[in-house]
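Novice: Sharing a structure, written as structure tokens. Questions coming.
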Protein chains: 2
Amino acid sequence: MPRLGLNPHRLALGGAELADEVGFEQVTASALAQRFGVKVASLYSHIRSTHELKVRIALFALDELADRAAEALAGRAGKDALFALGNVYRDYAREHPGRYAATHLRLDPQTAAASAGPRHAQLARAVLRGYQLDEPAQTHAVRLLGGVFHGFASLELGGAFSHSTPDSEQSWTWTLNALDALLSAGPPDAG
Amino acid sequence: MPRLGLNPHRLALGGAELADEVGFEQVTASALAQRFGVKVASLYSHIRSTHELKVRIALFALDELADRAAEALAGRAGKDALFALGNVYRDYAREHPGRYAATHLRLDPQTAAASAGPRHAQLARAVLRGYQLDEPAQTHAVRLLGGVFHGFASLELGGAFSHSTPDSEQSWTWTLNALDALLSAGPPDAG
DNA sequence: CGGCTTTGCCTAAACAGTTTAGGAAAAAAA
DNA sequence: TTTTTTTCCTAAACTGTTTAGGCAAAGCCG
């Protein structure tokens with residue numbers, strides 16, 4: 001029996017592909033072992049538990065997504081950057097639904113801090129530099145952006161907007177325009 | 001052995017409570033049977049599968065949430081209604097994290113159509129009546145609202161905003177004010 | 001190359017959750 | 001009371017997780 005040379009990273013990669021095919025929830029050690037043509041127990045030489053496997057998939061996806069976002073943002077500012085960042089998230093969710101779902105796995109604080117999570121926040125802040133927002137407002141806006149991107153992608157992925165007009169593409173563009181207008185108009189702090 | 005008089009609805013209710021205690025993912029037939037002091041196999045007289053159990057919990061939560069939203073919206077309009085609706089979702093997510101997670105279970109189209117889902121869309125439309133939006137824009141706005149509420153509650157629940165200043169309460173208020181300002185300003189259709 | 005260590009994958013088995021089949025007794029209907 | 005239905009039970013098959021221990025391939029050293 002020739003060896004495959006498995007390792008934690010390769011398992012995470014295979015797990016990510018598997019997640020895109022069958023859904024993140026359905027990623028099991030059994031299925032992954034089958035995918036590699038290996039017995040289940042063999043995986044446990046490389047990972048401690050299926051939970052660790054899922055965490056590794058999440059970290060990988062978070063990283064990949066941050067890379068894409070950073071690349072998309074290079075050389076862009078203002079509205080252009082806002083649209084680019086939004087589209088990176090939405091496109092990733094549609095292209096890699098399993099990995100996208102993985103990015104929402106709850107991580108314990110230390111793991112989260114060491115993940116690409118903070119990088120995502122930094123990227124959002126970079127986009128917001130194009131709009132004149134003072135400090136508390138900028139943090140609020142980071143959260144708003146996170147909420148809108150996550151919420152929209154998540155609902156769209158769940159099919160909440162399918163089979164109804166106008167199509168979600170138009171709602172997405174409308175939403176990005178709305179965010180741009182909102183941020184341009186400055187903080188709406190007055191009740 | 002006296003009978004408990006279990007039925008699908010009672011199981012869904014118990015499942016909802018269990019979900020709030022241990023998380024929606026951790027709701028299993030075994031755990032629920034233990035909770036009722038009954039053997040696992042007994043549950044299968046009332047439900048076909050654990051998936052059906054989860055669907056029933058989701059439908060129950062969706063219904064309960066729509067009821068709360070409808071009650072909160074009664075006698076309110078405009079910004080007042082917007083804040084009320086947003087707070088219902090956020091409060092429900094914080095008060096009943098397991099049930100809230102259940103509301104995001106993917107339902108097959110027929111089940112979704114028969115659920116309280118459409119009622120939620122109706123409630124969002126009712127809020128938006130307070131703002132002058134023409135038809136395509138109103139649908140976009142329904143989706144934006146859904147995205148923001150869902151995204152914010154979801155991220156907040158995941159602890160994404162905890163342990164950082166300003167606290168998420170302020171970001172939430174800021175976000176609601178921003179949405180109100182945005183909707184009041186009319187459709188930002190021009191690029 | 002031949003022997004030593006390390007490592008990767010194996011078999012085997014314990015454990016937990018799901019699901020079905022068939023039985024006994026409580027509750028309801030006659 | 002007798003009959004029927006319903007509710008819960010025991011038992012067992014099946015899938016996925018996880019650990020223990022073994023054998024052989026890969027890597028290292030003379």
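By convention here, the chains of the structure tokens are called A, B, ... in the order presented, each chain's residues are numbered starting at 1, and ligands are numbered starting at 1 in the order presented.
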For Gln122 of chain A, list every protein, DNA or RNA residue within 12 Å, evaluated using only C-alpha atoms (C1' of nucleotides), and leave out those in the same chain fewer than 2 positions away; present the list as a list in words.
Specialist: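 Result of the neighbour search: Ala66, Ala69, Ala70, Leu73, Leu85, Ala116, Gly117, Pro118, Arg119, His120, Ala124, Arg125, Ala126, Val127, Leu128, Arg129, Gln138, Thr139, Val142, Arg143 and Gly146 of chain A.
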Novice: Determine, counting only C-alpha atoms (C1' of nucleotides), which protein, DNA and RNA residues have an atom within 12 Å of an atom of segment 18-23 of chain C; residues of the same chain fewer than 2 positions away are not included. Present the result as number ranges by chain.
Specialist: B: 28-30, 40-45, 47-51; C: 16, 25; D: 8-16
Novice: Could the residues in this selection be saved with N, CA and C atoms (P, O5', C5', C4', C3', O3' and C1' of nucleotides) as a compact mmCIF listing (two decimals), in the first residue's frame?
Specialist:
```
# COMPACT_ATOMS: atom_id res chain seq x y z
N THR B 28 -30.67 16.53 19.62
CA THR B 28 -30.72 15.17 19.09
C THR B 28 -31.95 14.47 19.65
N ALA B 29 -32.36 13.42 18.97
CA ALA B 29 -33.49 12.64 19.46
C ALA B 29 -33.16 12.08 20.84
N SER B 30 -31.93 11.63 21.00
CA SER B 30 -31.50 11.08 22.29
C SER B 30 -31.68 12.09 23.42
N VAL B 40 -35.59 6.61 23.49
CA VAL B 40 -35.42 7.26 22.18
C VAL B 40 -36.45 6.79 21.16
N ALA B 41 -36.61 5.47 21.08
CA ALA B 41 -37.47 4.92 20.04
C ALA B 41 -38.90 5.45 20.14
N SER B 42 -39.28 5.84 21.35
CA SER B 42 -40.66 6.32 21.55
C SER B 42 -40.95 7.58 20.75
N LEU B 43 -39.93 8.37 20.53
CA LEU B 43 -40.14 9.62 19.80
C LEU B 43 -40.58 9.35 18.36
N TYR B 44 -40.14 8.20 17.86
CA TYR B 44 -40.39 7.92 16.45
C TYR B 44 -41.84 7.53 16.16
N SER B 45 -42.67 7.50 17.19
CA SER B 45 -44.10 7.35 16.95
C SER B 45 -44.70 8.69 16.56
N ILE B 47 -42.58 11.56 15.33
CA ILE B 47 -41.83 12.21 14.26
C ILE B 47 -41.17 11.14 13.39
N ARG B 48 -40.96 11.49 12.13
CA ARG B 48 -40.40 10.53 11.19
C ARG B 48 -38.88 10.43 11.37
N SER B 49 -38.26 11.55 11.66
CA SER B 49 -36.79 11.60 11.73
C SER B 49 -36.36 12.81 12.55
N THR B 50 -35.10 12.84 12.89
CA THR B 50 -34.63 14.02 13.63
C THR B 50 -34.69 15.26 12.73
N HIS B 51 -34.54 15.04 11.44
CA HIS B 51 -34.67 16.20 10.55
C HIS B 51 -36.06 16.81 10.65
P DA C 16 -21.18 6.23 25.29
O5' DA C 16 -21.91 7.08 24.16
C5' DA C 16 -21.27 8.25 23.65
C4' DA C 16 -22.00 8.68 22.39
C3' DA C 16 -23.51 8.78 22.59
O3' DA C 16 -23.94 10.01 22.03
C1' DA C 16 -23.02 7.42 20.73
P DA C 25 -48.16 -6.63 29.78
O5' DA C 25 -48.53 -5.24 30.48
C5' DA C 25 -47.65 -4.13 30.38
C4' DA C 25 -48.45 -2.88 30.03
C3' DA C 25 -49.85 -2.82 30.65
O3' DA C 25 -50.08 -1.49 31.05
C1' DA C 25 -50.00 -2.46 28.38
P DC D 8 -46.02 8.37 25.20
O5' DC D 8 -44.93 7.27 25.54
C5' DC D 8 -45.07 6.51 26.74
C4' DC D 8 -44.52 5.11 26.53
C3' DC D 8 -43.02 5.04 26.26
O3' DC D 8 -42.31 4.75 27.47
C1' DC D 8 -44.31 3.42 25.06
P DC D 9 -40.74 4.53 27.42
O5' DC D 9 -40.56 2.96 27.12
C5' DC D 9 -40.96 2.02 28.10
C4' DC D 9 -40.85 0.60 27.55
C3' DC D 9 -39.45 0.22 27.09
O3' DC D 9 -38.77 -0.45 28.13
C1' DC D 9 -41.11 -0.43 25.47
P DT D 10 -37.22 -0.70 28.00
O5' DT D 10 -37.00 -2.08 27.23
C5' DT D 10 -37.81 -3.23 27.51
C4' DT D 10 -37.49 -4.31 26.48
C3' DT D 10 -35.99 -4.56 26.26
O3' DT D 10 -35.78 -5.94 26.06
C1' DT D 10 -37.00 -3.92 24.22
P DA D 11 -34.28 -6.51 25.94
O5' DA D 11 -34.06 -6.65 24.36
C5' DA D 11 -35.10 -7.18 23.54
C4' DA D 11 -34.64 -7.20 22.09
C3' DA D 11 -33.13 -7.28 21.90
O3' DA D 11 -32.86 -8.23 20.88
C1' DA D 11 -33.97 -5.42 20.74
P DA D 12 -31.36 -8.67 20.53
O5' DA D 12 -31.14 -8.02 19.09
C5' DA D 12 -32.22 -8.02 18.15
C4' DA D 12 -31.87 -7.10 17.00
C3' DA D 12 -30.38 -7.07 16.66
O3' DA D 12 -30.24 -7.05 15.25
C1' DA D 12 -31.15 -4.90 16.97
P DA D 13 -28.91 -7.51 14.56
O5' DA D 13 -28.86 -6.52 13.30
C5' DA D 13 -30.03 -6.34 12.50
C4' DA D 13 -29.93 -5.00 11.77
C3' DA D 13 -28.55 -4.76 11.13
O3' DA D 13 -28.73 -4.23 9.83
C1' DA D 13 -29.12 -2.97 12.58
P DC D 14 -27.48 -4.09 8.86
O5' DC D 14 -27.17 -2.53 9.00
C5' DC D 14 -28.22 -1.58 8.76
C4' DC D 14 -27.71 -0.19 9.06
C3' DC D 14 -26.24 0.04 8.66
O3' DC D 14 -26.15 1.20 7.84
C1' DC D 14 -26.64 0.80 10.83
P DT D 15 -24.76 1.46 7.07
O5' DT D 15 -24.39 2.89 7.67
C5' DT D 15 -25.37 3.93 7.68
C4' DT D 15 -24.83 5.08 8.52
C3' DT D 15 -23.38 5.44 8.19
O3' DT D 15 -23.29 6.86 8.04
C1' DT D 15 -23.62 5.07 10.49
P DG D 16 -21.94 7.53 7.54
O5' DG D 16 -21.31 8.09 8.89
C5' DG D 16 -21.88 9.25 9.49
C4' DG D 16 -21.22 9.48 10.82
C3' DG D 16 -19.70 9.72 10.74
O3' DG D 16 -19.36 10.90 11.45
C1' DG D 16 -20.20 8.05 12.32
```
Novice: Counting only C-alpha atoms, which residues of chain B come no farther than 6 Å from chain A, as a PyMOL selection string?
Specialist: chain B and resi 140+147-148+150-152+171+178+182+188
Novice: Determine which residues of segment 14-113 of chain B DSSP labels as helix (DSSP H, G or I) from the backbone of this structure, then write them out as a PyMOL selection string.
Specialist: chain B and resi 14-22+24-26+29-36+40-43+50-73+78-95+97-102+109-113
Novice: Would you work out the distance separating atom C1' of DA12 of chain C from atom CA of Val27 of chain A, expressed in Å to one decimal?
Specialist: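 Interatomic distance, atom C1' of DA12 of chain C to atom CA of Val27 of chain A: 24.6 Å.
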Novice: Rounded to one decimal in Å, what is the spacing between atom CA of Ala72 of chain B and atom CA of Asp91 of chain B?
Specialist: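 Result for atom CA of Ala72 of chain B versus atom CA of Asp91 of chain B: 11.9 Å, one decimal.
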Novice: For chain D, report every residue with an atom at most 9 Å from chain A (counting only C-alpha atoms (C1' of nucleotides)), formatted as an mmCIF file with all heavy atoms, in the first residue's frame.
Specialist:
```cif
data_model
loop_
_atom_site.group_PDB
_atom_site.id
_atom_site.type_symbol
_atom_site.label_atom_id
_atom_site.label_comp_id
_atom_site.auth_asym_id
_atom_site.auth_seq_id
_atom_site.Cartn_x
_atom_site.Cartn_y
_atom_site.Cartn_z
ATOM 1 P P DG D 16 -21.937 7.532 7.540
ATOM 2 O OP1 DG D 16 -22.327 8.666 6.707
ATOM 3 O OP2 DG D 16 -21.023 6.486 7.037
ATOM 4 O "O5'" DG D 16 -21.313 8.094 8.889
ATOM 5 C "C5'" DG D 16 -21.881 9.255 9.492
ATOM 6 C "C4'" DG D 16 -21.217 9.481 10.820
ATOM 7 O "O4'" DG D 16 -21.386 8.280 11.598
ATOM 8 C "C3'" DG D 16 -19.697 9.716 10.738
ATOM 9 O "O3'" DG D 16 -19.360 10.900 11.447
ATOM 10 C "C2'" DG D 16 -19.090 8.491 11.379
ATOM 11 C "C1'" DG D 16 -20.199 8.053 12.318
ATOM 12 N N9 DG D 16 -20.115 6.634 12.654
ATOM 13 C C8 DG D 16 -20.188 5.563 11.809
ATOM 14 N N7 DG D 16 -20.074 4.413 12.418
ATOM 15 C C5 DG D 16 -19.901 4.757 13.754
ATOM 16 C C6 DG D 16 -19.715 3.941 14.892
ATOM 17 O O6 DG D 16 -19.654 2.709 14.954
ATOM 18 N N1 DG D 16 -19.590 4.702 16.046
ATOM 19 C C2 DG D 16 -19.634 6.066 16.098
ATOM 20 N N2 DG D 16 -19.478 6.631 17.293
ATOM 21 N N3 DG D 16 -19.811 6.842 15.047
ATOM 22 C C4 DG D 16 -19.929 6.122 13.912
ATOM 23 P P DT D 17 -17.847 11.324 11.602
ATOM 24 O OP1 DT D 17 -17.830 12.798 11.584
ATOM 25 O OP2 DT D 17 -17.040 10.542 10.665
ATOM 26 O "O5'" DT D 17 -17.482 10.847 13.087
ATOM 27 C "C5'" DT D 17 -18.199 11.405 14.178
ATOM 28 C "C4'" DT D 17 -17.563 10.972 15.479
ATOM 29 O "O4'" DT D 17 -17.657 9.546 15.615
ATOM 30 C "C3'" DT D 17 -16.083 11.325 15.612
ATOM 31 O "O3'" DT D 17 -15.903 11.894 16.907
ATOM 32 C "C2'" DT D 17 -15.373 9.973 15.489
ATOM 33 C "C1'" DT D 17 -16.427 9.023 16.033
ATOM 34 N N1 DT D 17 -16.382 7.620 15.537
ATOM 35 C C2 DT D 17 -16.257 6.602 16.442
ATOM 36 O O2 DT D 17 -16.157 6.787 17.640
ATOM 37 N N3 DT D 17 -16.256 5.337 15.900
ATOM 38 C C4 DT D 17 -16.367 5.000 14.564
ATOM 39 O O4 DT D 17 -16.363 3.831 14.196
ATOM 40 C C5 DT D 17 -16.493 6.126 13.666
ATOM 41 C C7 DT D 17 -16.635 5.882 12.189
ATOM 42 C C6 DT D 17 -16.504 7.362 14.188
ATOM 43 P P DT D 18 -14.557 12.729 17.204
ATOM 44 O OP1 DT D 18 -14.894 13.707 18.237
ATOM 45 O OP2 DT D 18 -13.919 13.151 15.953
ATOM 46 O "O5'" DT D 18 -13.658 11.612 17.885
ATOM 47 C "C5'" DT D 18 -14.165 10.984 19.056
ATOM 48 C "C4'" DT D 18 -13.360 9.742 19.366
ATOM 49 O "O4'" DT D 18 -13.686 8.704 18.435
ATOM 50 C "C3'" DT D 18 -11.845 9.925 19.249
ATOM 51 O "O3'" DT D 18 -11.324 9.994 20.567
ATOM 52 C "C2'" DT D 18 -11.368 8.683 18.496
ATOM 53 C "C1'" DT D 18 -12.612 7.803 18.483
ATOM 54 N N1 DT D 18 -12.720 6.894 17.317
ATOM 55 C C2 DT D 18 -12.835 5.545 17.562
ATOM 56 O O2 DT D 18 -12.848 5.072 18.684
ATOM 57 N N3 DT D 18 -12.923 4.769 16.434
ATOM 58 C C4 DT D 18 -12.900 5.200 15.124
ATOM 59 O O4 DT D 18 -12.983 4.389 14.204
ATOM 60 C C5 DT D 18 -12.778 6.622 14.940
ATOM 61 C C7 DT D 18 -12.734 7.202 13.557
ATOM 62 C C6 DT D 18 -12.698 7.392 16.037
ATOM 63 P P DA D 24 4.233 -6.609 7.485
ATOM 64 O OP1 DA D 24 3.957 -8.018 7.187
ATOM 65 O OP2 DA D 24 5.491 -6.224 8.155
ATOM 66 O "O5'" DA D 24 4.149 -5.766 6.115
ATOM 67 C "C5'" DA D 24 3.096 -4.839 5.916
ATOM 68 C "C4'" DA D 24 3.670 -3.481 5.514
ATOM 69 O "O4'" DA D 24 3.854 -2.672 6.697
ATOM 70 C "C3'" DA D 24 5.035 -3.514 4.831
ATOM 71 O "O3'" DA D 24 5.037 -2.452 3.902
ATOM 72 C "C2'" DA D 24 5.985 -3.195 5.966
ATOM 73 C "C1'" DA D 24 5.158 -2.140 6.670
ATOM 74 N N9 DA D 24 5.521 -1.830 8.046
ATOM 75 C C8 DA D 24 5.952 -2.686 9.021
ATOM 76 N N7 DA D 24 6.192 -2.095 10.170
ATOM 77 C C5 DA D 24 5.890 -0.766 9.932
ATOM 78 C C6 DA D 24 5.939 0.376 10.747
ATOM 79 N N6 DA D 24 6.316 0.345 12.027
ATOM 80 N N1 DA D 24 5.584 1.554 10.185
ATOM 81 C C2 DA D 24 5.207 1.573 8.911
ATOM 82 N N3 DA D 24 5.113 0.572 8.046
ATOM 83 C C4 DA D 24 5.477 -0.587 8.631
ATOM 84 P P DA D 25 5.856 -2.545 2.522
ATOM 85 O OP1 DA D 25 4.967 -3.162 1.521
ATOM 86 O OP2 DA D 25 7.189 -3.123 2.835
ATOM 87 O "O5'" DA D 25 6.059 -1.003 2.136
ATOM 88 C "C5'" DA D 25 4.933 -0.140 2.074
ATOM 89 C "C4'" DA D 25 5.347 1.270 2.469
ATOM 90 O "O4'" DA D 25 5.676 1.294 3.879
ATOM 91 C "C3'" DA D 25 6.558 1.815 1.722
ATOM 92 O "O3'" DA D 25 6.267 3.147 1.349
ATOM 93 C "C2'" DA D 25 7.686 1.726 2.755
ATOM 94 C "C1'" DA D 25 6.923 1.931 4.051
ATOM 95 N N9 DA D 25 7.496 1.310 5.250
ATOM 96 C C8 DA D 25 7.811 -0.002 5.435
ATOM 97 N N7 DA D 25 8.290 -0.277 6.626
ATOM 98 C C5 DA D 25 8.276 0.950 7.266
ATOM 99 C C6 DA D 25 8.666 1.334 8.572
ATOM 100 N N6 DA D 25 9.146 0.480 9.486
ATOM 101 N N1 DA D 25 8.542 2.628 8.897
ATOM 102 C C2 DA D 25 8.055 3.484 7.994
ATOM 103 N N3 DA D 25 7.658 3.249 6.739
ATOM 104 C C4 DA D 25 7.792 1.938 6.444
#
```
Novice: Rounded to one decimal place, report the atom CA of Glu21 of chain B-atom CA of Lys39 of chain B distance in Å.
Specialist: 20.6 Å
Novice: I'd like the neighbourhood of segment 54-57 of chain A as JSON, numbers by chain, where a residue qualifies if any of its atoms comes within 9 Å (using only C-alpha atoms (C1' of nucleotides)), though same-chain residues fewer than 5 positions away should be ignored.
Specialist: {"A": [8, 9, 11, 12, 13, 14, 15, 16, 19, 24, 27, 28, 49, 62, 99, 102, 103, 105, 106, 107, 111]}
Novice: Can you list every residue of chain C that has an atom at most 12 Å from chain A, with its nearest atom pair and the distance in Å to one decimal, using only C-alpha atoms (C1' of nucleotides), ordered by chain then number, as CSV?
Specialist:
```
residue,atom,partner,partner_atom,distance
C:DT7,C1',A:Ser45,CA,9.5
C:DG8,C1',A:Arg3,CA,6.7
C:DC9,C1',A:Ser42,CA,5.7
C:DC10,C1',A:Lys39,CA,7.8
C:DT11,C1',A:Ala41,CA,9.8
C:DA12,C1',A:Ala41,CA,10.9
```
Novice: So that I can check the surroundings of DT5 of chain D, please list as a list of chain:residue names every protein, DNA and RNA residue that reaches within 9 Å of it, counting only C-alpha atoms (C1' of nucleotides) and ignoring chain neighbours fewer than 2 positions away.
Specialist: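 Skipping anything fewer than 2 positions along the chain leaves C:DA27, C:DA28, C:DA29.
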